[in-house]
Amino acid sequence: MFASHLGPLQLAGATLANSWATVTGYAFLIGLSGALETLCGQGFGANLYRMMGIHLQASCITSFLFSILISFVWFNTEPILVFLGQDLEIAETAGIYTKFLIPSIFAFGYIQNILRFLQTQSVVRPAVLLSAIPLVFHIGITYCLVHLTPLGFKGAPIATSITLWISFFMLAAYVMLARQFHLTWQGFSTESFSYILTNLKLSLPSAAMVCLEYWAFEILVFLAGLMPNSKSTTSLIAICVNTETIAYNVTYGLSASASTRVSNELGGGHPEQAKSAMVVSLKLSVLLATIVVMALGFGHNFWAGLFTDNSAIIKSFASMTPLLAISIMLDSLQGVLSGVARGCGWQRMVVYVNLITFYLVGVTVGSLLAFKMKLYVKGLWIGLICGLACQAATLVLITMCTNWHMIAAVV
């Protein structure tokens, strides 16, 4: 938000950079950490406490190795975006932003692993607190670097990197020093290297599962950059994507809770409790999504004003609000169902579901409506809604046909 108020070019550049970083890095590492939702979640339910620390270390090693590969991609962001047909000025600005984000990718991967480790033990409040404190610092650091130093635009990604490393060190210190983890964290062990392959068998499908979903959203930003008046369309679709992401994060706690409860109950041999946890999480997700939609309906102009001062973009965002309301409701449902899938270890199956629903349906329909029917940004979002609807319906069908007793017996 701080960088976006420097001008339309900075808004478009920062938006494209954040989308690119999400597509090529952040989403992938979030997905990699999903292996711990299965391994640590079921391990905690089965009282295999020591192995949780081993799996955490193996996951951190995996994250580090992939972060190195991601860094090379980020360093070459500008030429890649130009090759993909993005506006030269926007690509250059996004390239600068992404280079200064490189230090953040390593910390981000470690943070996701630790959060999953805590999540599977139902440790919520400390994790929220240790995430909120760095956020307060982030606001001050970003303002100072962007507006009070010669760094200007570059200060925003630097502030992000600093904040993520602060968050990582706080979380790591908590896990290593808190007495409540004396069973699940018993120190560093070389044994973790022998479980990297076990981790990869779940983490790679989990990463693909998450990335396919994230990429579908971020592809919308890329496609908006190919439209006439690309700076305005990119800014508009970016505000929509950011709004959808924030709304999803509001209900993500229920997705994480569903994953934890389902994996814990299955690991403990309680299939009926696992099923009940899923149903309760679905009901709560609908309630939360309804509250978010109502808030957006009444305050959409104020919300858009936080991202841009351009009155034309704010007006265009208002016309997108009804479509956003539909996508937010669908996203809340699929989020919980995806959490259930991670808790059950269904990552590989959901990869195919996401591939078909988001790309064969969502992106294809959205592209046709946007460019062929000249609906532009609205067309892209209608296509996304079609993909989300198909995904949610498919996941509902899978869970309805699931033999929970058989899964608990296998675990």
# chains A, B, ... in the order shown; residues from 1 in each chain; ligands from 1
>>> closest_atom_pairs(of="range 358-382 of chain A", to="range 197-220 of chain A", cutoff="10 Å", atoms="only C-alpha atoms", output="Markdown table")
| residue | atom | partner | partner_atom | distance |
| --- | --- | --- | --- | --- |
| A:Phe358 | CA | A:Ala216 | CA | 6.2 |
| A:Tyr359 | CA | A:Ala216 | CA | 7.0 |
| A:Gly362 | CA | A:Ala216 | CA | 7.8 |
| A:Val363 | CA | A:Ala216 | CA | 6.8 |
| A:Gly366 | CA | A:Leu220 | CA | 8.6 |
| A:Ser367 | CA | A:Leu220 | CA | 8.9 |
| A:Val377 | CA | A:Leu220 | CA | 8.4 |
| A:Leu380 | CA | A:Leu220 | CA | 6.6 |
| A:Trp381 | CA | A:Leu220 | CA | 8.0 |
>>> write_last_selection(atoms="C-alpha atoms", output="compact mmCIF listing (two decimals), in the first residue's frame")
# COMPACT_ATOMS: atom_id res chain seq x y z
CA PHE A 358 -9.02 -23.73 -12.47
CA TYR A 359 -7.40 -24.08 -15.89
CA GLY A 362 -11.69 -21.08 -14.96
CA VAL A 363 -8.85 -19.61 -17.02
CA GLY A 366 -12.30 -16.17 -18.26
CA SER A 367 -10.03 -15.61 -21.25
CA VAL A 377 -11.74 -7.60 -16.12
CA LEU A 380 -11.77 -12.75 -16.14
CA TRP A 381 -13.51 -12.78 -12.77
>>> residues_around(residues="Trp303 in chain A", least_positions_apart="2", cutoff="10 Å", atoms="only C-alpha atoms", output="list in words")
Ile239, Thr243, Ala295, Leu296, Phe298, Gly299, His300, Asn301, Gly305, Leu306, Phe307, Thr308, Ile314, Phe317 and Ala318 of chain A
>>> write_last_selection(atoms="C-alpha atoms", output="JSON list (two decimals), in the first residue's frame")
[["chain", "number", "residue", "atom", "x", "y", "z"],
["A", 239, "ILE", "CA", -7.11, -4.81, -5.96],
["A", 243, "THR", "CA", -9.25, -8.41, -1.65],
["A", 295, "ALA", "CA", -18.47, -5.46, 5.02],
["A", 296, "LEU", "CA", -17.24, -5.26, 1.43],
["A", 298, "PHE", "CA", -20.98, -1.37, 2.52],
["A", 299, "GLY", "CA", -17.35, -0.22, 2.42],
["A", 300, "HIS", "CA", -16.03, -1.02, -1.07],
["A", 301, "ASN", "CA", -15.17, 2.61, -1.92],
["A", 305, "GLY", "CA", -9.17, 3.96, -1.58],
["A", 306, "LEU", "CA", -6.59, 2.21, 0.60],
["A", 307, "PHE", "CA", -4.92, 0.89, -2.56],
["A", 308, "THR", "CA", -5.22, 3.84, -4.94],
["A", 314, "ILE", "CA", -12.29, 3.06, -7.36],
["A", 317, "PHE", "CA", -13.90, -1.67, -8.31],
["A", 318, "ALA", "CA", -17.42, -0.85, -7.09]]
>>> residues_around(residues="range 277-288 of chain A", least_positions_apart="5", cutoff="10 Å", atoms="only C-alpha atoms", output="VMD selection string")
chain A and resid 247 to 248 250 to 262 265 271 to 272 293 328 to 337 339 to 340 399
>>> write_last_selection(atoms="N, CA and C atoms", output="short mmCIF file (atom, residue, chain, number, x, y, z; two decimals), in the first residue's frame")
data_model
loop_
_atom_site.label_atom_id
_atom_site.label_comp_id
_atom_site.auth_asym_id
_atom_site.auth_seq_id
_atom_site.Cartn_x
_atom_site.Cartn_y
_atom_site.Cartn_z
N ALA A 247 -9.68 -11.86 2.10
CA ALA A 247 -10.92 -12.54 2.52
C ALA A 247 -10.66 -14.02 2.78
N TYR A 248 -9.84 -14.63 1.91
CA TYR A 248 -9.50 -16.04 2.08
C TYR A 248 -8.72 -16.25 3.37
N VAL A 250 -8.97 -14.56 6.04
CA VAL A 250 -9.88 -14.45 7.18
C VAL A 250 -10.46 -15.81 7.54
N THR A 251 -10.79 -16.58 6.51
CA THR A 251 -11.37 -17.91 6.73
C THR A 251 -10.31 -19.02 6.72
N TYR A 252 -9.04 -18.65 6.46
CA TYR A 252 -8.00 -19.68 6.37
C TYR A 252 -7.81 -20.39 7.72
N GLY A 253 -8.06 -19.66 8.81
CA GLY A 253 -7.93 -20.29 10.11
C GLY A 253 -8.81 -21.51 10.24
N LEU A 254 -9.98 -21.46 9.62
CA LEU A 254 -10.88 -22.61 9.63
C LEU A 254 -10.35 -23.74 8.77
N SER A 255 -9.71 -23.39 7.66
CA SER A 255 -9.08 -24.40 6.81
C SER A 255 -7.97 -25.11 7.58
N ALA A 256 -7.15 -24.31 8.28
CA ALA A 256 -6.06 -24.88 9.07
C ALA A 256 -6.62 -25.72 10.21
N SER A 257 -7.69 -25.22 10.83
CA SER A 257 -8.32 -25.96 11.93
C SER A 257 -8.89 -27.28 11.44
N ALA A 258 -9.52 -27.25 10.27
CA ALA A 258 -10.09 -28.48 9.70
C ALA A 258 -8.99 -29.49 9.42
N SER A 259 -7.88 -29.02 8.84
CA SER A 259 -6.76 -29.90 8.55
C SER A 259 -6.20 -30.52 9.82
N THR A 260 -6.03 -29.69 10.86
CA THR A 260 -5.47 -30.16 12.12
C THR A 260 -6.39 -31.17 12.80
N ARG A 261 -7.66 -30.80 12.94
CA ARG A 261 -8.60 -31.68 13.62
C ARG A 261 -8.78 -33.00 12.88
N VAL A 262 -8.91 -32.92 11.56
CA VAL A 262 -9.10 -34.15 10.77
C VAL A 262 -7.88 -35.06 10.87
N GLU A 265 -7.56 -36.50 14.49
CA GLU A 265 -8.58 -37.52 14.78
C GLU A 265 -8.34 -38.80 13.99
N PRO A 271 -12.61 -41.70 13.29
CA PRO A 271 -13.13 -41.20 12.01
C PRO A 271 -14.39 -40.35 12.12
N GLU A 272 -15.30 -40.68 13.04
CA GLU A 272 -16.54 -39.90 13.16
C GLU A 272 -16.26 -38.48 13.64
N VAL A 293 -18.36 -10.44 3.15
CA VAL A 293 -19.10 -9.94 1.98
C VAL A 293 -19.95 -8.73 2.34
N ILE A 328 -15.80 -14.92 -3.10
CA ILE A 328 -15.39 -15.03 -1.70
C ILE A 328 -16.14 -16.16 -1.01
N MET A 329 -17.43 -16.28 -1.27
CA MET A 329 -18.22 -17.36 -0.66
C MET A 329 -17.72 -18.73 -1.13
N LEU A 330 -17.50 -18.86 -2.42
CA LEU A 330 -17.02 -20.14 -2.96
C LEU A 330 -15.62 -20.47 -2.46
N ASP A 331 -14.77 -19.44 -2.36
CA ASP A 331 -13.40 -19.65 -1.92
C ASP A 331 -13.34 -20.11 -0.47
N SER A 332 -14.26 -19.61 0.35
CA SER A 332 -14.28 -20.02 1.75
C SER A 332 -14.62 -21.50 1.88
N LEU A 333 -15.54 -21.97 1.04
CA LEU A 333 -15.92 -23.39 1.06
C LEU A 333 -14.78 -24.29 0.61
N GLN A 334 -14.18 -23.95 -0.54
CA GLN A 334 -13.11 -24.80 -1.05
C GLN A 334 -11.88 -24.76 -0.15
N GLY A 335 -11.69 -23.64 0.57
CA GLY A 335 -10.55 -23.55 1.48
C GLY A 335 -10.62 -24.58 2.58
N VAL A 336 -11.79 -24.71 3.18
CA VAL A 336 -11.98 -25.71 4.24
C VAL A 336 -11.86 -27.12 3.69
N LEU A 337 -12.46 -27.37 2.53
CA LEU A 337 -12.39 -28.70 1.92
C LEU A 337 -10.96 -29.06 1.53
N GLY A 339 -8.36 -27.99 3.17
CA GLY A 339 -7.74 -28.30 4.45
C GLY A 339 -8.02 -29.73 4.88
N VAL A 340 -9.24 -30.16 4.68
CA VAL A 340 -9.61 -31.55 4.97
C VAL A 340 -8.78 -32.51 4.12
N THR A 399 -15.62 -35.73 -0.60
CA THR A 399 -15.77 -35.92 0.85
C THR A 399 -17.05 -36.69 1.19
#
>>> residues_around(residues="Thr357 in chain A", least_positions_apart="2", cutoff="8 Å", atoms="only C-alpha atoms", output="PyMOL selection string")
chain A and resi 353-355+359-362+387-388+390-391
>>> write_last_selection(atoms="N, CA and C atoms", output="compact mmCIF listing (two decimals), in the first residue's frame")
# COMPACT_ATOMS: atom_id res chain seq x y z
N VAL A 353 -7.77 -32.18 -9.42
CA VAL A 353 -9.01 -31.40 -9.31
C VAL A 353 -8.74 -29.93 -9.62
N ASN A 354 -7.69 -29.37 -9.01
CA ASN A 354 -7.35 -27.96 -9.23
C ASN A 354 -6.93 -27.69 -10.67
N LEU A 355 -6.19 -28.63 -11.25
CA LEU A 355 -5.73 -28.46 -12.63
C LEU A 355 -6.92 -28.34 -13.59
N TYR A 359 -8.01 -24.38 -14.59
CA TYR A 359 -7.40 -24.08 -15.89
C TYR A 359 -8.29 -24.46 -17.06
N LEU A 360 -8.77 -25.72 -17.09
CA LEU A 360 -9.65 -26.11 -18.20
C LEU A 360 -10.98 -25.37 -18.14
N VAL A 361 -11.40 -25.01 -16.92
CA VAL A 361 -12.66 -24.29 -16.77
C VAL A 361 -12.42 -22.80 -16.52
N GLY A 362 -11.81 -22.46 -15.38
CA GLY A 362 -11.69 -21.08 -14.96
C GLY A 362 -10.94 -20.16 -15.90
N GLY A 387 -14.56 -21.57 -12.23
CA GLY A 387 -13.56 -22.51 -11.76
C GLY A 387 -13.73 -22.85 -10.29
N LEU A 388 -13.97 -21.82 -9.45
CA LEU A 388 -14.17 -22.04 -8.02
C LEU A 388 -15.41 -22.90 -7.76
N CYS A 390 -16.78 -25.15 -9.75
CA CYS A 390 -16.49 -26.54 -10.13
C CYS A 390 -15.58 -27.22 -9.12
N GLN A 391 -14.59 -26.47 -8.62
CA GLN A 391 -13.67 -27.04 -7.64
C GLN A 391 -14.40 -27.39 -6.35
>>> atom_distance(atom1="CA of His55 in chain A", atom2="CA of Gly345 in chain A")
15.1 Å
>>> residues_around(residues="Ser19 in chain A", least_positions_apart="2", cutoff="9 Å", atoms="only C-alpha atoms", output="JSON, numbers by chain")
{"A": [14, 15, 16, 17, 21, 22, 23, 24, 215, 217, 218, 219, 221, 222, 238]}
>>> closest_atom_pairs(of="range 59-165 of chain A", to="range 177-183 of chain A", cutoff="12 Å", atoms="only C-alpha atoms", output="CSV")
residue,atom,partner,partner_atom,distance
A:Phe117,CA,A:Phe181,CA,10.4
A:Leu118,CA,A:Phe181,CA,9.4
A:Gln121,CA,A:Phe181,CA,9.4
A:Ser122,CA,A:Gln180,CA,11.9
A:Val123,CA,A:Gln180,CA,10.0
A:Pro126,CA,A:Ala178,CA,10.7
>>> write_last_selection(atoms="C-alpha atoms", output="tab-separated table (two decimals), in the first residue's frame")
chain	number	residue	atom	x	y	z
A	117	PHE	CA	4.34	-27.48	13.20
A	118	LEU	CA	2.49	-25.31	15.74
A	121	GLN	CA	-0.42	-29.16	17.93
A	122	SER	CA	-3.32	-26.68	18.15
A	123	VAL	CA	-0.95	-23.94	19.29
A	126	PRO	CA	1.21	-17.71	20.46
>>> closest_residue(among="A:Cys240, A:Ile398, A:Ile385, A:Ile54", to="Trp346 in chain A", atoms="only C-alpha atoms")
A:Ile398
>>> residues_around(residues="range 100-116 of chain A", least_positions_apart="3", cutoff="8 Å", atoms="only C-alpha atoms", output="PDB file with N, CA and C atoms, in the first residue's frame")
ATOM      1  N   GLY A  25       7.172 -18.222  -6.029  1.00  0.00           N
ATOM      2  CA  GLY A  25       7.872 -18.482  -4.781  1.00  0.00           C
ATOM      3  C   GLY A  25       6.995 -18.749  -3.578  1.00  0.00           C
ATOM      4  N   TYR A  26       6.271 -17.735  -3.139  1.00  0.00           N
ATOM      5  CA  TYR A  26       5.519 -17.843  -1.896  1.00  0.00           C
ATOM      6  C   TYR A  26       4.500 -18.979  -1.914  1.00  0.00           C
ATOM      7  N   LEU A  29       6.197 -22.404  -1.605  1.00  0.00           N
ATOM      8  CA  LEU A  29       6.692 -22.730  -0.271  1.00  0.00           C
ATOM      9  C   LEU A  29       5.549 -22.989   0.709  1.00  0.00           C
ATOM     10  N   ILE A  30       4.440 -22.280   0.537  1.00  0.00           N
ATOM     11  CA  ILE A  30       3.261 -22.585   1.352  1.00  0.00           C
ATOM     12  C   ILE A  30       2.827 -24.024   1.092  1.00  0.00           C
ATOM     13  N   SER A  33       5.112 -26.714   2.687  1.00  0.00           N
ATOM     14  CA  SER A  33       4.892 -26.892   4.125  1.00  0.00           C
ATOM     15  C   SER A  33       3.641 -27.718   4.412  1.00  0.00           C
ATOM     16  N   GLY A  34       2.780 -27.879   3.408  1.00  0.00           N
ATOM     17  CA  GLY A  34       1.555 -28.651   3.597  1.00  0.00           C
ATOM     18  C   GLY A  34       1.800 -30.104   3.958  1.00  0.00           C
ATOM     19  N   LEU A  36       3.617 -31.118   6.258  1.00  0.00           N
ATOM     20  CA  LEU A  36       3.617 -31.209   7.715  1.00  0.00           C
ATOM     21  C   LEU A  36       2.206 -31.304   8.282  1.00  0.00           C
ATOM     22  N   GLU A  37       1.222 -30.777   7.560  1.00  0.00           N
ATOM     23  CA  GLU A  37      -0.156 -30.888   8.037  1.00  0.00           C
ATOM     24  C   GLU A  37      -0.578 -32.352   8.094  1.00  0.00           C
ATOM     25  N   LEU A  56       9.809 -31.598  10.853  1.00  0.00           N
ATOM     26  CA  LEU A  56       9.972 -30.138  10.731  1.00  0.00           C
ATOM     27  C   LEU A  56      11.331 -29.799  10.145  1.00  0.00           C
ATOM     28  N   SER A  59      11.552 -30.691   6.481  1.00  0.00           N
ATOM     29  CA  SER A  59      10.795 -29.734   5.677  1.00  0.00           C
ATOM     30  C   SER A  59      11.559 -28.426   5.507  1.00  0.00           C
ATOM     31  N   CYS A  60      12.268 -27.997   6.541  1.00  0.00           N
ATOM     32  CA  CYS A  60      13.071 -26.768   6.449  1.00  0.00           C
ATOM     33  C   CYS A  60      14.233 -26.940   5.472  1.00  0.00           C
ATOM     34  N   SER A  63      12.750 -26.673   2.052  1.00  0.00           N
ATOM     35  CA  SER A  63      12.428 -25.277   1.746  1.00  0.00           C
ATOM     36  C   SER A  63      13.671 -24.487   1.365  1.00  0.00           C
ATOM     37  N   PHE A  64      14.760 -24.716   2.073  1.00  0.00           N
ATOM     38  CA  PHE A  64      16.009 -24.004   1.789  1.00  0.00           C
ATOM     39  C   PHE A  64      16.503 -24.304   0.378  1.00  0.00           C
ATOM     40  N   SER A  67      14.324 -22.652  -2.148  1.00  0.00           N
ATOM     41  CA  SER A  67      14.460 -21.191  -2.083  1.00  0.00           C
ATOM     42  C   SER A  67      15.644 -20.710  -2.908  1.00  0.00           C
ATOM     43  N   ILE A  70      14.436 -20.613  -6.439  1.00  0.00           N
ATOM     44  CA  ILE A  70      13.510 -19.495  -6.612  1.00  0.00           C
ATOM     45  C   ILE A  70      14.263 -18.176  -6.717  1.00  0.00           C
ATOM     46  N   SER A  71      15.353 -18.040  -5.963  1.00  0.00           N
ATOM     47  CA  SER A  71      16.141 -16.804  -5.985  1.00  0.00           C
ATOM     48  C   SER A  71      16.679 -16.506  -7.378  1.00  0.00           C
ATOM     49  N   TRP A  74      13.802 -15.111  -9.430  1.00  0.00           N
ATOM     50  CA  TRP A  74      13.464 -13.740  -9.036  1.00  0.00           C
ATOM     51  C   TRP A  74      14.496 -12.731  -9.530  1.00  0.00           C
ATOM     52  N   PHE A  75      15.754 -13.130  -9.537  1.00  0.00           N
ATOM     53  CA  PHE A  75      16.805 -12.207  -9.973  1.00  0.00           C
ATOM     54  C   PHE A  75      16.628 -11.831 -11.444  1.00  0.00           C
ATOM     55  N   ILE A  96      12.887  -4.611 -10.287  1.00  0.00           N
ATOM     56  CA  ILE A  96      13.600  -3.970  -9.175  1.00  0.00           C
ATOM     57  C   ILE A  96      13.006  -4.419  -7.842  1.00  0.00           C
ATOM     58  N   TYR A  97      11.699  -4.397  -7.760  1.00  0.00           N
ATOM     59  CA  TYR A  97      10.998  -4.771  -6.528  1.00  0.00           C
ATOM     60  C   TYR A  97      11.325  -6.211  -6.129  1.00  0.00           C
ATOM     61  N   GLN A 119       0.569 -25.437  14.302  1.00  0.00           N
ATOM     62  CA  GLN A 119      -0.840 -25.653  13.959  1.00  0.00           C
ATOM     63  C   GLN A 119      -1.288 -27.073  14.267  1.00  0.00           C
ATOM     64  N   THR A 120      -0.455 -28.049  13.947  1.00  0.00           N
ATOM     65  CA  THR A 120      -0.834 -29.452  14.150  1.00  0.00           C
ATOM     66  C   THR A 120      -0.882 -29.829  15.628  1.00  0.00           C
ATOM     67  N   ALA A 127       1.173 -18.313  18.100  1.00  0.00           N
ATOM     68  CA  ALA A 127       1.524 -18.135  16.688  1.00  0.00           C
ATOM     69  C   ALA A 127       0.946 -16.835  16.144  1.00  0.00           C
ATOM     70  N   LYS A 154      12.142   1.117  -3.453  1.00  0.00           N
ATOM     71  CA  LYS A 154      12.907  -0.067  -3.062  1.00  0.00           C
ATOM     72  C   LYS A 154      12.720  -0.402  -1.584  1.00  0.00           C
ATOM     73  N   PRO A 157      10.024  -3.596  -0.586  1.00  0.00           N
ATOM     74  CA  PRO A 157      10.448  -5.005  -0.521  1.00  0.00           C
ATOM     75  C   PRO A 157      11.515  -5.258   0.536  1.00  0.00           C
ATOM     76  N   ILE A 158      12.378  -4.268   0.777  1.00  0.00           N
ATOM     77  CA  ILE A 158      13.393  -4.430   1.823  1.00  0.00           C
ATOM     78  C   ILE A 158      12.711  -4.571   3.180  1.00  0.00           C
ATOM     79  N   THR A 160       9.757  -5.732   3.746  1.00  0.00           N
ATOM     80  CA  THR A 160       9.131  -7.060   3.787  1.00  0.00           C
ATOM     81  C   THR A 160      10.140  -8.127   4.202  1.00  0.00           C
ATOM     82  N   SER A 161      11.340  -8.054   3.629  1.00  0.00           N
ATOM     83  CA  SER A 161      12.387  -9.027   3.966  1.00  0.00           C
ATOM     84  C   SER A 161      12.776  -8.927   5.435  1.00  0.00           C
ATOM     85  N   ILE A 162      12.954  -7.698   5.912  1.00  0.00           N
ATOM     86  CA  ILE A 162      13.330  -7.493   7.315  1.00  0.00           C
ATOM     87  C   ILE A 162      12.255  -8.055   8.244  1.00  0.00           C
ATOM     88  N   LEU A 164       9.948 -10.373   7.717  1.00  0.00           N
ATOM     89  CA  LEU A 164       9.838 -11.833   7.688  1.00  0.00           C
ATOM     90  C   LEU A 164      10.962 -12.499   8.475  1.00  0.00           C
ATOM     91  N   TRP A 165      12.157 -11.942   8.417  1.00  0.00           N
ATOM     92  CA  TRP A 165      13.253 -12.511   9.198  1.00  0.00           C
ATOM     93  C   TRP A 165      13.037 -12.297  10.698  1.00  0.00           C
ATOM     94  N   SER A 167      10.128 -12.170  12.123  1.00  0.00           N
ATOM     95  CA  SER A 167       9.090 -13.145  12.455  1.00  0.00           C
ATOM     96  C   SER A 167       9.669 -14.548  12.603  1.00  0.00           C
ATOM     97  N   PHE A 168      10.574 -14.928  11.697  1.00  0.00           N
ATOM     98  CA  PHE A 168      11.176 -16.262  11.771  1.00  0.00           C
ATOM     99  C   PHE A 168      11.960 -16.454  13.062  1.00  0.00           C
ATOM    100  N   LEU A 171       9.623 -16.889  16.056  1.00  0.00           N
ATOM    101  CA  LEU A 171       8.965 -18.201  16.074  1.00  0.00           C
ATOM    102  C   LEU A 171       9.947 -19.320  16.421  1.00  0.00           C
ATOM    103  N   ALA A 172      11.155 -19.253  15.845  1.00  0.00           N
ATOM    104  CA  ALA A 172      12.168 -20.280  16.111  1.00  0.00           C
ATOM    105  C   ALA A 172      12.565 -20.278  17.580  1.00  0.00           C
TER     106      ALA A 172
END
>>> residues_around(residues="range 142-149 of chain A", least_positions_apart="2", cutoff="10 Å", atoms="only C-alpha atoms", output="PyMOL selection string")
chain A and resi 1-3+6+137-140+151-160+162-163
>>> write_last_selection(atoms="C-alpha atoms", output="short mmCIF file (atom, residue, chain, number, x, y, z; two decimals), in the first residue's frame")
data_model
loop_
_atom_site.label_atom_id
_atom_site.label_comp_id
_atom_site.auth_asym_id
_atom_site.auth_seq_id
_atom_site.Cartn_x
_atom_site.Cartn_y
_atom_site.Cartn_z
CA MET A 1 0.00 0.00 0.00
CA PHE A 2 2.84 2.44 0.82
CA ALA A 3 4.55 1.85 -2.53
CA LEU A 6 4.00 6.77 -5.06
CA PHE A 137 7.05 -3.31 13.07
CA HIS A 138 6.46 -3.81 9.35
CA ILE A 139 4.15 -0.80 9.08
CA GLY A 140 6.71 1.48 10.73
CA LEU A 151 15.32 4.16 -1.00
CA GLY A 152 11.77 5.17 -1.91
CA PHE A 153 10.11 2.39 -3.90
CA LYS A 154 12.91 -0.07 -3.06
CA GLY A 155 12.19 0.37 0.63
CA ALA A 156 8.92 -1.61 0.42
CA PRO A 157 10.45 -5.00 -0.52
CA ILE A 158 13.39 -4.43 1.82
CA ALA A 159 10.94 -3.83 4.68
CA THR A 160 9.13 -7.06 3.79
CA ILE A 162 13.33 -7.49 7.31
CA THR A 163 9.89 -8.19 8.79
#
>>> closest_residue(among="A:Gly45, A:Gly53, A:Gly85, A:Pro79", to="Leu226 in chain A", atoms="only C-alpha atoms")
A:Gly85
>>> closest_residue(among="A:Thr38, A:Phe72, A:Asp309, A:Ile326", to="Ala389 in chain A", atoms="only C-alpha atoms")
A:Ile326
